Amino acid sequence: MLVLGWKKYAPAYRKCPCCSFKPAHMVPNDRDCLNMDYKQYWLLTKFLVPLAITTFISDVGEQVLNRGLSSTENATEVLAAFGIAFSLTKFAAGPFEEFKNVALVLVHNKKEAKIGLLTMFLVWVIVLIFALLTAYTDFGYFITHTLYSLDKDVGQDIQTTMLMLCGFPLVQGLIFYLAGYILQMKYTSLVGTASVVDEAVQAGTIFGLLQSNLVNTKPILIPIFAAYIGAITRVSLLSIGLLILRRWKWTPLSSEQQTPHESNLSVLKVLKFWWPLAVVRGVQTISRPIVNLFVARDLNGSDEAIQAIAVLTIVFPIAFASFHWLDDIKSIQPAFLKKTESTFVERKHIRNFDICCVTLGFAVFFSLFWIPGIVVNFYTSTLGVSEEIAEMCVVPLKMFSVFTLIVGWRSHITSWLILHKKTAVVFPSSVIRTIIFFAVLILFPLLGIHGAPLGVAALLFGFIAESLSVQIATSVVEYKMKRSLRLVASSKQYGTATSTTEIETIS
């Protein structure tokens, strides 16, 4: 009787997608669960869209810088010089973007914020030394003339441009460092607004300077001035926005509560967290100037080489805009799955959301790059390049259309590693990518592949190798974490195991 009648008094249990098994009175009905899922996906959308717009506009905005050169005299040579110099500068500035993750994950108060800023400044000193060596020593001549096999005038323009852009990485670092603070509060709309204003200021500066005498005397100064003015405007807006949030709302820097790891953060710990991400980012950004280098040397610095570099210079911004915005997926899990915060967002919601973003991006840009006529009309009408150069851009962009799938996958698994501060395991992926990257650049010319398609093929195979490496590292880390949890549970069950050896003996 007791066995058969216990159900009469036991609470009813039911299961729903977001609540698992719980007593029926604690579980909302199916419609409420569906509304809760919508709310969770809306939170993720509201978080990612401003960041995606920021990245997309930044990449497309590089075409605005190119627009300041494409209508000048000797546009091909000037575009090639600026493309090489700006790609080397972007390589130096790339690791500074990872200070966004430093501010997002490690910084919780003013003291830690100062430590992060000090680390950033020390890293920038290295960049400054490199720029001075490039401009005033034979090292710069080696890069421009020996490596790239370019003529003297183009080489001198590259050295001068790199010196003028030496402060750009520090400004970029400040932008992303401030953005990391703001991401902790999930005010991504402020980050997006500052980016839009940045690009608008750049466009206004470009079109204003095109009416000046610089077009005839020193046209390469036009995009340099525009880049600095836009970036400084962006830093100013983010700083003002952060000050307002500190005054009127709670922020990590205005909290009076002391965090448990306040006294533990140091420059060395910041570097330990930052350097693996910085190396990966550096390898990603150095790929672009290396591509230019191998393409130029493969064609022996001829007119075809300059033409191919000019094609890559105008292709890269649009191509990177198609997938670079998916890098912001890395910020989602650290922002929503922190143990110190309680949100309705779970890992499964983030996984489904990331899949939708990758699918949408692939469908849109695959269509744009593969439908005949769109690419050629865009470059001829918007940038004013010749139809011959525009036709040469079609094949590289078609190859870039599959990058969305690879980058989205890599960003999702890297986000989980950043959340758990396991950034060291991503370092091997940069080594593997570099090996595959150089192998393609060396072997594919033997198969008859030259020019811009050669460079894009090297990037493609490098991205695939890197993503596979990160996936393997993530699987290993997740297995070890689950194993540790099982060992801890086993030790609590028996109540006597205190060490790993004892736990293994009991289990």
# chains A, B, ... in the order shown; residues from 1 in each chain; ligands from 1
>>> residues_around(residues="Glu97 of chain A", least_positions_apart="3", cutoff="8 Å", atoms="only C-alpha atoms", output="ChimeraX atom specification")
/A:93-94,100,172-173,176-177
>>> residues_around(residues="Phe139 of chain A", least_positions_apart="5", cutoff="12 Å", atoms="only C-alpha atoms", output="list in words")
Ile129, Phe130, Ala131, Leu132, Leu133, Thr134, Thr144, His145, Thr146, Leu147, Gly155 and Gln159 of chain A
>>> atom_distance(atom1="atom CA of Pro276 of chain A", atom2="atom CA of Thr423 of chain A")
6.0 Å
>>> closest_residue(among="A:Ile244, A:Leu265, A:Ile318, A:Ile57", to="Val197 of chain A", atoms="only C-alpha atoms")
A:Ile57
>>> select_by_dssp(residues="segment 111-270 of chain A", states="alpha helix (DSSP H)", output="PyMOL selection string")
chain A and resi 111-136+138-141+152-164+168-184+188-209+214-217+221-248+267-270
>>> atom_distance(atom1="atom CA of Ser430 of chain A", atom2="atom CA of Ala465 of chain A")
9.1 Å
>>> residues_around(residues="Ala179 of chain A", least_positions_apart="3", cutoff="9 Å", atoms="only C-alpha atoms", output="number ranges by chain")
A: 100, 103-104, 174-176, 182-184, 188, 190-191, 238
>>> atom_distance(atom1="atom CA of Lys110 of chain A", atom2="atom CA of Lys421 of chain A")
20.9 Å
>>> closest_residue(among="A:Ile472, A:Ala200, A:Ile350, A:Asn109", to="Arg246 of chain A", atoms="only C-alpha atoms")
A:Asn109
>>> closest_residue(among="A:Leu214, A:Val171, A:Ala439, A:Ala296", to="Ala227 of chain A", atoms="only C-alpha atoms")
A:Val171
>>> closest_residue(among="A:Leu360, A:Ile290, A:Val127, A:Val477", to="Phe437 of chain A", atoms="only C-alpha atoms")
A:Ile290
>>> residues_around(residues="Val125 of chain A", least_positions_apart="3", cutoff="12 Å", atoms="only C-alpha atoms", output="JSON list (two decimals) with N, CA and C atoms, in the first residue's frame")
[["chain", "number", "residue", "atom", "x", "y", "z"],
["A", 92, "ALA", "N", 51.05, 45.46, -35.95],
["A", 92, "ALA", "CA", 51.49, 45.95, -34.63],
["A", 92, "ALA", "C", 50.29, 46.26, -33.74],
["A", 118, "LEU", "N", 49.19, 50.20, -17.68],
["A", 118, "LEU", "CA", 50.65, 50.18, -17.62],
["A", 118, "LEU", "C", 51.21, 49.08, -18.53],
["A", 119, "THR", "N", 50.58, 47.92, -18.50],
["A", 119, "THR", "CA", 51.02, 46.82, -19.37],
["A", 119, "THR", "C", 50.91, 47.21, -20.84],
["A", 120, "MET", "N", 49.81, 47.85, -21.19],
["A", 120, "MET", "CA", 49.61, 48.28, -22.58],
["A", 120, "MET", "C", 50.69, 49.26, -23.01],
["A", 121, "PHE", "N", 51.02, 50.21, -22.16],
["A", 121, "PHE", "CA", 52.03, 51.21, -22.50],
["A", 121, "PHE", "C", 53.39, 50.56, -22.69],
["A", 122, "LEU", "N", 53.74, 49.60, -21.83],
["A", 122, "LEU", "CA", 55.03, 48.92, -21.96],
["A", 122, "LEU", "C", 55.12, 48.15, -23.28],
["A", 128, "LEU", "N", 57.01, 51.21, -30.75],
["A", 128, "LEU", "CA", 57.67, 52.47, -31.08],
["A", 128, "LEU", "C", 59.12, 52.24, -31.51],
["A", 129, "ILE", "N", 59.82, 51.39, -30.79],
["A", 129, "ILE", "CA", 61.21, 51.08, -31.16],
["A", 129, "ILE", "C", 61.27, 50.45, -32.55],
["A", 130, "PHE", "N", 60.35, 49.55, -32.83],
["A", 130, "PHE", "CA", 60.30, 48.90, -34.14],
["A", 130, "PHE", "C", 60.06, 49.93, -35.25],
["A", 131, "ALA", "N", 59.16, 50.89, -35.02],
["A", 131, "ALA", "CA", 58.88, 51.92, -36.02],
["A", 131, "ALA", "C", 60.09, 52.80, -36.26],
["A", 132, "LEU", "N", 60.81, 53.15, -35.21],
["A", 132, "LEU", "CA", 62.01, 53.98, -35.37],
["A", 132, "LEU", "C", 63.10, 53.23, -36.13],
["A", 166, "CYS", "N", 53.06, 55.21, -36.08],
["A", 166, "CYS", "CA", 53.57, 54.47, -34.93],
["A", 166, "CYS", "C", 52.70, 54.65, -33.68],
["A", 167, "GLY", "N", 51.96, 55.76, -33.59],
["A", 167, "GLY", "CA", 51.09, 55.97, -32.43],
["A", 167, "GLY", "C", 49.74, 55.31, -32.58],
["A", 169, "PRO", "N", 48.79, 52.07, -32.97],
["A", 169, "PRO", "CA", 48.52, 50.91, -32.12],
["A", 169, "PRO", "C", 48.13, 51.28, -30.69],
["A", 170, "LEU", "N", 48.77, 52.31, -30.12],
["A", 170, "LEU", "CA", 48.42, 52.71, -28.75],
["A", 170, "LEU", "C", 47.00, 53.25, -28.69]]
>>> closest_residue(among="A:Val279, A:Met185, A:Val123, A:Leu443", to="Ala335 of chain A", atoms="only C-alpha atoms")
A:Met185
>>> residues_around(residues="Trp325 of chain A", least_positions_apart="6", cutoff="6 Å", atoms="only C-alpha atoms", output="ChimeraX atom specification")
/A:52,55-56
>>> residues_around(residues="Leu441 of chain A", least_positions_apart="2", cutoff="8 Å", atoms="only C-alpha atoms", output="ChimeraX atom specification")
/A:291,294,437-439,443-445,454-455,458
>>> closest_residue(among="A:Ser491, A:Thr54, A:Thr285, A:Asn101", to="Val270 of chain A", atoms="only C-alpha atoms")
A:Asn101
>>> residues_around(residues="Ala81 of chain A", least_positions_apart="5", cutoff="8 Å", atoms="only C-alpha atoms", output="number ranges by chain")
A: 154-155, 157-158
>>> decode(residues="segment 357-387 of chain A", atoms="C-alpha atoms", output="mmCIF file, in the first residue's frame")
data_model
loop_
_atom_site.group_PDB
_atom_site.id
_atom_site.type_symbol
_atom_site.label_atom_id
_atom_site.label_comp_id
_atom_site.auth_asym_id
_atom_site.auth_seq_id
_atom_site.Cartn_x
_atom_site.Cartn_y
_atom_site.Cartn_z
ATOM 1 C CA CYS A 357 24.978 34.168 -36.794
ATOM 2 C CA VAL A 358 27.420 32.030 -38.780
ATOM 3 C CA THR A 359 24.677 30.694 -41.067
ATOM 4 C CA LEU A 360 23.290 34.161 -41.739
ATOM 5 C CA GLY A 361 26.714 35.635 -42.474
ATOM 6 C CA PHE A 362 27.637 32.804 -44.822
ATOM 7 C CA ALA A 363 24.373 33.052 -46.771
ATOM 8 C CA VAL A 364 24.614 36.826 -47.230
ATOM 9 C CA PHE A 365 28.231 37.127 -48.297
ATOM 10 C CA PHE A 366 28.280 33.944 -50.368
ATOM 11 C CA SER A 367 25.444 35.450 -52.403
ATOM 12 C CA LEU A 368 27.129 38.856 -52.735
ATOM 13 C CA PHE A 369 30.494 37.464 -53.807
ATOM 14 C CA TRP A 370 29.174 34.839 -56.239
ATOM 15 C CA ILE A 371 26.379 36.709 -58.047
ATOM 16 C CA PRO A 372 27.967 38.046 -61.264
ATOM 17 C CA GLY A 373 28.436 41.786 -61.602
ATOM 18 C CA ILE A 374 28.030 42.852 -57.972
ATOM 19 C CA VAL A 375 31.728 42.930 -57.105
ATOM 20 C CA VAL A 376 32.807 44.683 -60.316
ATOM 21 C CA ASN A 377 30.053 47.313 -60.098
ATOM 22 C CA PHE A 378 30.868 48.000 -56.451
ATOM 23 C CA TYR A 379 34.568 48.627 -57.018
ATOM 24 C CA THR A 380 34.176 50.640 -60.218
ATOM 25 C CA SER A 381 31.363 52.867 -58.961
ATOM 26 C CA THR A 382 32.283 53.240 -55.279
ATOM 27 C CA LEU A 383 36.091 53.318 -55.323
ATOM 28 C CA GLY A 384 36.568 54.468 -58.890
ATOM 29 C CA VAL A 385 39.113 51.756 -59.754
ATOM 30 C CA SER A 386 39.541 50.522 -63.299
ATOM 31 C CA GLU A 387 37.413 47.658 -64.584
#
